[in-house]
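Chemist: Dropping in my_file.txt, which is compact mmCIF, C-alpha atoms:
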# COMPACT_ATOMS: atom_id res chain seq x y z
CA MET G 18 23.02 -28.81 78.40
CA ALA G 19 24.19 -29.82 81.87
CA LYS G 20 27.85 -30.62 81.23
CA GLU G 21 30.76 -29.65 79.03
CA LEU G 22 31.13 -31.56 75.76
CA GLY G 23 34.38 -32.92 74.38
CA LEU G 24 35.70 -31.72 71.03
CA GLY G 25 34.31 -34.73 69.18
CA ASP G 26 30.89 -34.33 70.79
CA VAL G 27 30.80 -30.61 69.89
CA VAL G 28 31.42 -31.45 66.23
CA SER G 29 28.98 -34.39 66.27
CA LYS G 30 26.20 -32.39 67.92
CA THR G 31 26.77 -29.52 65.48
CA PHE G 32 26.15 -31.76 62.50
CA ASP G 33 23.26 -33.51 64.25
CA LEU G 34 21.48 -30.17 64.72
CA PHE G 35 22.37 -29.17 61.16
CA ARG G 36 20.81 -32.33 59.73
CA ARG G 37 17.75 -32.05 61.95
CA ASP G 38 16.68 -28.63 60.65
CA PHE G 39 18.72 -28.44 57.47
CA VAL G 40 15.96 -26.89 55.33
CA LYS G 41 15.44 -23.98 57.74
CA TYR G 42 19.15 -23.21 57.94
CA PHE G 43 19.53 -23.51 54.18
CA VAL G 44 16.60 -21.20 53.42
CA ILE G 45 17.81 -18.31 55.58
CA PHE G 46 21.37 -18.46 54.25
CA ALA G 47 20.21 -18.98 50.64
CA ILE G 48 18.12 -15.82 50.85
CA ALA G 49 21.02 -13.87 52.37
CA GLU G 50 23.51 -15.10 49.77
CA VAL G 51 21.20 -14.46 46.82
CA VAL G 52 20.67 -10.88 48.04
CA VAL G 53 24.44 -10.38 48.34
CA GLY G 54 24.99 -12.02 44.94
CA LEU G 55 22.44 -9.76 43.27
CA ALA G 56 24.01 -6.73 44.95
CA THR G 57 27.38 -7.84 43.57
CA LEU G 58 25.98 -8.12 40.04
CA LEU G 59 24.31 -4.73 40.38
CA ALA G 60 27.50 -3.14 41.69
CA HIS G 61 29.52 -4.47 38.77
CA SER G 62 26.89 -3.25 36.30
CA VAL G 63 26.86 0.34 37.59
CA VAL G 64 30.53 0.69 38.58
CA THR G 65 33.27 -0.08 36.08
CA LEU G 66 36.86 -0.32 37.23
CA PRO G 67 39.18 1.66 34.93
CA THR G 68 41.63 -0.40 32.92
CA ILE G 69 45.14 -0.35 34.36
CA PRO G 70 47.62 0.76 31.68
CA THR G 71 49.98 -2.01 30.62
CA SER G 72 52.91 0.42 30.48
CA PRO G 73 51.94 3.39 32.64
CA THR G 74 54.07 6.47 32.24
CA SER G 75 52.48 8.20 35.24
CA LEU G 76 50.27 7.45 38.21
CA SER G 77 47.38 9.62 37.03
CA TRP G 78 45.13 6.54 36.72
CA VAL G 79 45.52 5.59 40.39
CA PRO G 80 42.98 8.00 42.05
CA GLY G 81 40.22 7.12 39.57
CA TYR G 82 40.87 3.39 39.90
CA PHE G 83 40.78 3.36 43.70
CA ALA G 84 37.72 5.64 43.81
CA ALA G 85 35.82 3.18 41.60
CA PHE G 86 37.19 0.23 43.58
CA PHE G 87 36.01 1.77 46.86
CA GLU G 88 32.56 2.51 45.43
CA LEU G 89 32.20 -1.01 44.04
CA TYR G 90 33.15 -2.88 47.17
CA SER G 91 31.32 -0.48 49.49
CA ILE G 92 28.05 -1.54 47.85
CA ILE G 93 28.92 -5.22 48.29
CA GLU G 94 30.23 -4.96 51.85
CA VAL G 95 27.38 -2.81 53.12
CA THR G 96 24.86 -5.29 51.72
CA THR G 97 26.78 -8.15 53.34
CA LEU G 98 26.95 -6.35 56.70
CA ILE G 99 23.19 -5.78 56.63
CA VAL G 100 22.01 -9.21 55.47
CA VAL G 101 24.45 -11.86 56.71
CA PRO G 102 24.13 -11.08 60.47
CA ILE G 103 20.40 -11.79 60.18
CA ALA G 104 21.15 -15.27 58.81
CA VAL G 105 23.87 -15.92 61.38
CA GLY G 106 21.76 -14.69 64.29
CA SER G 107 18.71 -16.68 63.18
CA SER G 108 20.83 -19.84 62.98
CA ILE G 109 22.17 -19.25 66.49
CA LYS G 110 18.64 -18.79 67.82
CA MET G 111 17.30 -21.92 66.06
CA ALA G 112 20.22 -24.02 67.31
CA ALA G 113 19.65 -22.74 70.86
CA GLU G 114 15.96 -23.67 70.68
CA ALA G 115 16.88 -27.17 69.52
CA ILE G 116 19.46 -27.61 72.28
CA GLU G 117 16.95 -26.50 74.90
CA GLY G 118 14.31 -28.85 73.52
CA GLY G 119 11.89 -26.17 72.32
CA PRO G 120 10.20 -25.75 68.93
CA VAL G 121 12.51 -24.54 66.16
CA SER G 122 10.78 -21.80 64.18
CA LEU G 123 12.55 -19.94 61.38
CA GLY G 124 10.05 -17.09 61.43
CA GLU G 125 10.24 -16.59 65.19
CA SER G 126 14.04 -16.73 65.08
CA VAL G 127 14.22 -14.07 62.37
CA ARG G 128 11.85 -11.80 64.31
CA PHE G 129 13.90 -12.35 67.47
CA VAL G 130 17.12 -11.36 65.66
CA LEU G 131 15.50 -8.31 64.06
CA SER G 132 14.62 -7.06 67.54
CA ARG G 133 18.33 -7.07 68.39
CA LEU G 134 19.70 -6.24 64.98
CA ILE G 135 21.25 -2.85 65.77
CA ARG G 136 23.32 -4.35 68.58
CA LEU G 137 24.20 -7.34 66.40
CA TRP G 138 25.46 -5.04 63.63
CA ALA G 139 27.43 -2.98 66.14
CA LEU G 140 28.99 -6.10 67.66
CA SER G 141 29.90 -7.42 64.19
CA LEU G 142 31.65 -4.15 63.43
CA VAL G 143 33.50 -4.02 66.76
CA VAL G 144 34.68 -7.64 66.62
CA GLY G 145 35.62 -7.29 62.95
CA VAL G 146 37.75 -4.21 63.58
CA ILE G 147 39.44 -5.75 66.64
CA VAL G 148 40.31 -8.99 64.84
CA VAL G 149 41.49 -7.22 61.67
CA LEU G 150 43.76 -4.94 63.70
CA GLY G 151 45.14 -8.04 65.43
CA PHE G 152 45.95 -9.64 62.08
CA VAL G 153 47.49 -6.39 60.79
CA ALA G 154 49.74 -6.18 63.85
CA LEU G 155 50.78 -9.83 63.66
CA ILE G 156 48.97 -13.01 62.66
CA VAL G 157 49.03 -14.58 66.13
CA PRO G 158 47.27 -11.68 67.94
CA GLY G 159 44.53 -11.82 65.31
CA ILE G 160 43.99 -15.54 65.94
CA ILE G 161 43.95 -15.01 69.72
CA LEU G 162 41.40 -12.19 69.45
CA ALA G 163 39.20 -14.22 67.07
CA ILE G 164 39.18 -17.10 69.60
CA MET G 165 38.63 -14.76 72.55
CA PHE G 166 35.51 -13.16 71.08
CA CYS G 167 34.07 -16.08 69.09
CA LEU G 168 31.20 -16.57 71.57
CA ALA G 169 30.22 -12.90 71.74
CA PHE G 170 27.38 -13.34 69.24
CA PRO G 171 25.61 -16.18 71.13
CA ALA G 172 26.10 -14.21 74.36
CA LEU G 173 24.50 -11.11 72.84
CA LEU G 174 21.50 -13.00 71.46
CA LEU G 175 20.91 -15.66 74.11
CA GLU G 176 21.81 -13.76 77.29
CA ASN G 177 20.72 -10.31 76.07
CA THR G 178 24.03 -8.70 77.04
CA GLY G 179 25.27 -5.40 75.65
CA ILE G 180 28.26 -5.00 73.33
CA ALA G 181 30.87 -4.77 76.11
CA GLY G 182 29.08 -7.44 78.15
CA SER G 183 29.08 -9.85 75.19
CA LEU G 184 32.81 -9.41 74.64
CA SER G 185 33.48 -9.95 78.35
CA ARG G 186 31.18 -12.98 78.50
CA SER G 187 32.89 -14.58 75.48
CA ARG G 188 36.29 -14.10 77.06
CA GLU G 189 35.00 -15.68 80.30
CA LEU G 190 33.53 -18.69 78.50
CA VAL G 191 36.61 -19.34 76.37
CA GLY G 192 38.97 -18.94 79.34
CA HIS G 193 41.03 -22.07 80.11
CA ARG G 194 39.83 -23.63 76.84
CA TRP G 195 42.01 -21.80 74.30
CA GLY G 196 43.53 -24.93 72.79
CA LYS G 197 40.20 -26.76 72.61
CA THR G 198 38.50 -23.74 71.02
CA PHE G 199 41.24 -23.41 68.42
CA ALA G 200 41.18 -27.14 67.64
CA THR G 201 37.38 -27.21 67.32
CA PHE G 202 37.29 -24.46 64.75
CA ILE G 203 40.32 -25.79 62.89
CA VAL G 204 38.45 -29.07 62.38
CA LEU G 205 35.28 -27.30 61.26
CA GLY G 206 37.30 -24.88 59.13
CA LEU G 207 39.01 -27.70 57.25
CA ILE G 208 35.65 -29.34 56.53
CA ILE G 209 34.23 -26.06 55.25
CA LEU G 210 37.38 -25.33 53.23
CA VAL G 211 37.05 -28.57 51.28
CA ILE G 212 33.38 -27.91 50.57
CA SER G 213 33.99 -24.29 49.55
CA VAL G 214 36.75 -25.26 47.10
CA VAL G 215 34.37 -27.66 45.37
CA ILE G 216 31.65 -24.99 45.25
CA THR G 217 34.07 -22.42 43.82
CA LEU G 218 35.02 -24.79 41.03
CA VAL G 219 31.39 -25.57 40.24
CA SER G 220 30.22 -21.93 40.33
CA GLY G 221 33.05 -20.95 37.95
CA LEU G 222 31.21 -22.84 35.21
CA PHE G 223 28.30 -20.37 35.34
CA GLY G 224 30.16 -17.30 34.05
CA SER G 225 28.67 -13.90 34.92
CA VAL G 226 26.08 -15.34 37.32
CA GLY G 227 28.72 -17.42 39.08
CA SER G 228 28.61 -15.20 42.18
CA VAL G 229 24.88 -15.81 42.64
CA VAL G 230 25.30 -19.56 42.09
CA SER G 231 28.25 -19.63 44.49
CA GLY G 232 26.23 -17.85 47.17
CA LEU G 233 23.31 -20.23 46.76
CA LEU G 234 25.55 -23.30 46.99
CA SER G 235 27.40 -21.81 49.95
CA ALA G 236 24.14 -21.91 51.90
CA PHE G 237 24.67 -25.68 52.15
CA TYR G 238 27.57 -25.24 54.58
CA GLU G 239 27.51 -21.70 55.98
CA PRO G 240 25.13 -22.53 58.87
CA ILE G 241 27.73 -24.93 60.32
CA ILE G 242 29.76 -22.20 62.04
CA PRO G 243 26.89 -20.40 63.85
CA ILE G 244 25.47 -23.77 64.93
CA ALA G 245 28.90 -24.81 66.24
CA LEU G 246 29.25 -21.49 68.08
CA THR G 247 25.90 -22.12 69.78
CA VAL G 248 26.79 -25.69 70.78
CA TYR G 249 30.16 -24.53 72.09
CA PHE G 250 28.50 -21.64 73.95
CA PHE G 251 26.15 -23.99 75.81
CA SER G 252 28.98 -26.45 76.45
CA ASN G 253 31.24 -23.82 78.01
CA ARG G 254 28.38 -22.24 79.91
CA ALA G 255 27.65 -25.62 81.49
CA ARG G 256 31.32 -25.83 82.50
CA ILE G 257 31.36 -22.57 84.45
CA THR G 258 27.75 -22.43 85.70
CA PRO G 259 26.95 -24.19 88.99
CA PRO G 260 24.38 -27.00 88.60
CA SER G 261 21.99 -25.12 90.90
CA GLN G 262 21.77 -22.34 88.31
CA MET G 263 21.22 -24.57 85.30
CA GLY G 264 17.50 -24.98 85.94
CA PRO G 265 15.62 -28.00 87.25
CA ALA G 266 16.14 -31.27 85.47
CA THR G 267 13.15 -32.98 83.91
CA THR G 268 14.06 -36.27 85.48
CA GLY G 269 12.56 -38.57 87.99
CA SER G 270 13.29 -42.07 89.17
CA GLY G 271 10.93 -44.64 87.74
CA GLN G 272 9.76 -42.20 85.03
CA THR G 273 8.15 -43.93 82.04
CA PRO G 274 8.71 -42.47 78.55
CA ARG G 275 5.66 -41.47 76.56
CA PRO G 276 4.86 -43.32 73.30
CA GLY G 277 7.44 -42.49 70.65
CA MET G 278 9.82 -41.10 73.29
CA LYS G 279 12.79 -42.41 75.27
CA LEU G 280 14.64 -41.39 78.43
CA CYS G 281 18.17 -40.04 78.38
CA PRO G 282 20.23 -42.58 80.39
CA ASN G 283 22.37 -39.71 81.70
CA CYS G 284 19.76 -37.28 83.07
CA GLY G 285 16.37 -38.88 82.44
CA THR G 286 14.99 -36.23 80.09
CA GLN G 287 12.19 -37.33 77.76
CA LEU G 288 13.49 -37.31 74.18
CA PRO G 289 12.14 -38.29 70.75
CA ALA G 290 13.01 -41.91 70.03
CA SER G 291 15.20 -40.81 67.11
CA ALA G 292 17.24 -38.28 69.14
CA THR G 293 21.01 -38.67 68.85
CA PHE G 294 21.87 -36.23 71.66
CA CYS G 295 20.03 -35.17 74.80
CA ALA G 296 18.55 -31.68 74.53
CA ASN G 297 19.09 -31.14 78.27
CA CYS G 298 22.56 -32.51 79.07
CA GLY G 299 24.05 -33.03 75.61
CA ALA G 300 24.89 -36.69 76.21
CA LYS G 301 25.12 -38.92 73.13
CA GLN G 302 22.24 -41.40 73.08
CA PRO G 303 22.68 -45.14 72.57
CA ALA G 304 21.58 -46.43 69.17
Just give me the structure of the file as structure tokens.
Modeler:
Amino acid sequence: MAKELGLGDVVSKTFDLFRRDFVKYFVIFAIAEVVVGLATLLAHSVVTLPTIPTSPTSLSWVPGYFAAFFELYSIIEVTTLIVVPIAVGSSIKMAAEAIEGGPVSLGESVRFVLSRLIRLWALSLVVGVIVVLGFVALIVPGIILAIMFCLAFPALLLENTGIAGSLSRSRELVGHRWGKTFATFIVLGLIILVISVVITLVSGLFGSVGSVVSGLLSAFYEPIIPIALTVYFFSNRARITPPSQMGPATTGSGQTPRPGMKLCPNCGTQLPASATFCANCGAKQPA
């Protein structure tokens, strides 16, 4: 991607990539959500929350209740922390491969993420704690911190930076684009909110297995955020990286497209005839 994309182009390219490899994104998130859903069912079957007295005369029930509550949600959260970053990281890697014009392989992406999984878990924990503390202090600092470090995960995976380096790189990439970053994820968040409300209503019809059904249905939209993060990462990287460091363009005057291909009118890259966006510069292609 040779130039920065506008907000509309970021959203459009996100959904274009999502449609292009929908099955691969769905599979990895469906597996992750089914594992979390099964862990939730298991946790509820082995840990029972004590009944809160309707008219308590003392607080003797409180320690037992919170001990069971902590045990129950520790099982669920630990499972989520282990499984979900694999799905998120794999989606980031697949989206990056698509943007760069390479083959998109689910298996290779998962293996790539597994090789960096410890750092990915550590970064998830660090960012989570920082953002939560920001929201505890005041809502606005939490929002600012979430925006500041939203590109840390693509930086970690795609530039092989450490934890501190990923946080610093994200802050550099988001710099001078705070409003645009906030607006981009508000738009995507509203789209996801509508979808998730519908899924919640549907999964409620399945009773005790509703959590598993909800997780499976959620796999239809959960890849959108990591794909958007990847698109936005490449867009902002193009903004701050000199053209001489972006790699040689695959263009040439008088170049003739191969059968079934076309040339990007913006940079001349060979693209599949059905391509909506250029894999090299990100430009929207004419119909």
Chemist: As an mmCIF file with C-alpha atoms, in the coordinates of the input, please: the residues near segment 42-57 of chain G (cut-off 9 Å, only C-alpha atoms, same-chain neighbours under 3 positions excluded).
Modeler:
data_model
loop_
_atom_site.group_PDB
_atom_site.id
_atom_site.type_symbol
_atom_site.label_atom_id
_atom_site.label_comp_id
_atom_site.auth_asym_id
_atom_site.auth_seq_id
_atom_site.Cartn_x
_atom_site.Cartn_y
_atom_site.Cartn_z
ATOM 1 C CA PHE G 35 22.370 -29.170 61.160
ATOM 2 C CA ASP G 38 16.680 -28.630 60.650
ATOM 3 C CA PHE G 39 18.720 -28.440 57.470
ATOM 4 C CA ALA G 60 27.500 -3.140 41.690
ATOM 5 C CA HIS G 61 29.520 -4.470 38.770
ATOM 6 C CA SER G 62 26.890 -3.250 36.300
ATOM 7 C CA LEU G 89 32.200 -1.010 44.040
ATOM 8 C CA TYR G 90 33.150 -2.880 47.170
ATOM 9 C CA ILE G 92 28.050 -1.540 47.850
ATOM 10 C CA ILE G 93 28.920 -5.220 48.290
ATOM 11 C CA GLU G 94 30.230 -4.960 51.850
ATOM 12 C CA THR G 96 24.860 -5.290 51.720
ATOM 13 C CA THR G 97 26.780 -8.150 53.340
ATOM 14 C CA VAL G 100 22.010 -9.210 55.470
ATOM 15 C CA VAL G 101 24.450 -11.860 56.710
ATOM 16 C CA ILE G 103 20.400 -11.790 60.180
ATOM 17 C CA ALA G 104 21.150 -15.270 58.810
ATOM 18 C CA VAL G 105 23.870 -15.920 61.380
ATOM 19 C CA SER G 107 18.710 -16.680 63.180
ATOM 20 C CA SER G 108 20.830 -19.840 62.980
ATOM 21 C CA MET G 111 17.300 -21.920 66.060
ATOM 22 C CA LEU G 123 12.550 -19.940 61.380
ATOM 23 C CA VAL G 127 14.220 -14.070 62.370
ATOM 24 C CA VAL G 226 26.080 -15.340 37.320
ATOM 25 C CA GLY G 227 28.720 -17.420 39.080
ATOM 26 C CA SER G 228 28.610 -15.200 42.180
ATOM 27 C CA VAL G 229 24.880 -15.810 42.640
ATOM 28 C CA VAL G 230 25.300 -19.560 42.090
ATOM 29 C CA SER G 231 28.250 -19.630 44.490
ATOM 30 C CA GLY G 232 26.230 -17.850 47.170
ATOM 31 C CA LEU G 233 23.310 -20.230 46.760
ATOM 32 C CA LEU G 234 25.550 -23.300 46.990
ATOM 33 C CA SER G 235 27.400 -21.810 49.950
ATOM 34 C CA ALA G 236 24.140 -21.910 51.900
ATOM 35 C CA PHE G 237 24.670 -25.680 52.150
ATOM 36 C CA TYR G 238 27.570 -25.240 54.580
ATOM 37 C CA GLU G 239 27.510 -21.700 55.980
ATOM 38 C CA PRO G 240 25.130 -22.530 58.870
#
Chemist: Dig up all the protein and nucleic acid residues within 6 Å of (22.8, -44.9, 76.7) in the file frame, using only C-alpha atoms, and format them as a list of chain:residue names.
Modeler: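 Answer for this query, in the requested form: G:Pro282, G:Gln302, G:Pro303.
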Chemist: For Phe202 of chain G, which residue among G:Ala245, G:Val144, G:Gly221, G:Ile180 is the nearest when counting all atoms listed in the file?
Modeler: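 Nearest candidate to Phe202 of chain G out of G:Ala245, G:Val144, G:Gly221, G:Ile180: G:Ala245.
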Chemist: Quick check, in Å to one decimal: how far apart do atom CA of Phe250 of chain G and atom CA of Ser291 of chain G lie?
Modeler: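 Result for atom CA of Phe250 of chain G versus atom CA of Ser291 of chain G: 24.3 Å, one decimal.
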Chemist: Go ahead and compute the interatomic distance for atom CA of Leu162 of chain G and atom CA of Ile147 of chain G, in Å to one decimal.
Modeler: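 Separation between atom CA of Leu162 of chain G and atom CA of Ile147 of chain G: 7.3 Å.
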Chemist: If you measure from atom CA of Val27 of chain G to atom CA of Thr217 of chain G, what distance in Å do you get, rounded to one decimal?
Modeler: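 Atom CA of Thr217 of chain G lies 27.5 Å from atom CA of Val27 of chain G.
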Chemist: Centre and edge lengths, as lines of an AutoDock Vina configuration file, for the axis-aligned box enclosing every listed atom of segment 191-209 of chain G with 5 Å of padding on each of the six sides, in Å to one decimal?
Modeler:
center_x = 38.9
center_y = -24.1
center_z = 67.7
size_x = 19.3
size_y = 20.4
size_z = 34.9
Chemist: Sort by chain and increasing residue number a table of all residues of segment 29-113 of chain G within 12 Å of segment 251-257 of chain G, each with its closest pair of atoms and their distance in Å to one decimal, counting all atoms listed in the file, and write it as a Markdown table.
Modeler:
| residue | atom | partner | partner_atom | distance |
| --- | --- | --- | --- | --- |
| G:Lys30 | CA | G:Ser252 | CA | 10.8 |
| G:Thr31 | CA | G:Ser252 | CA | 11.6 |
| G:Ile109 | CA | G:Phe251 | CA | 11.2 |
| G:Ala112 | CA | G:Phe251 | CA | 10.4 |
| G:Ala113 | CA | G:Phe251 | CA | 8.3 |
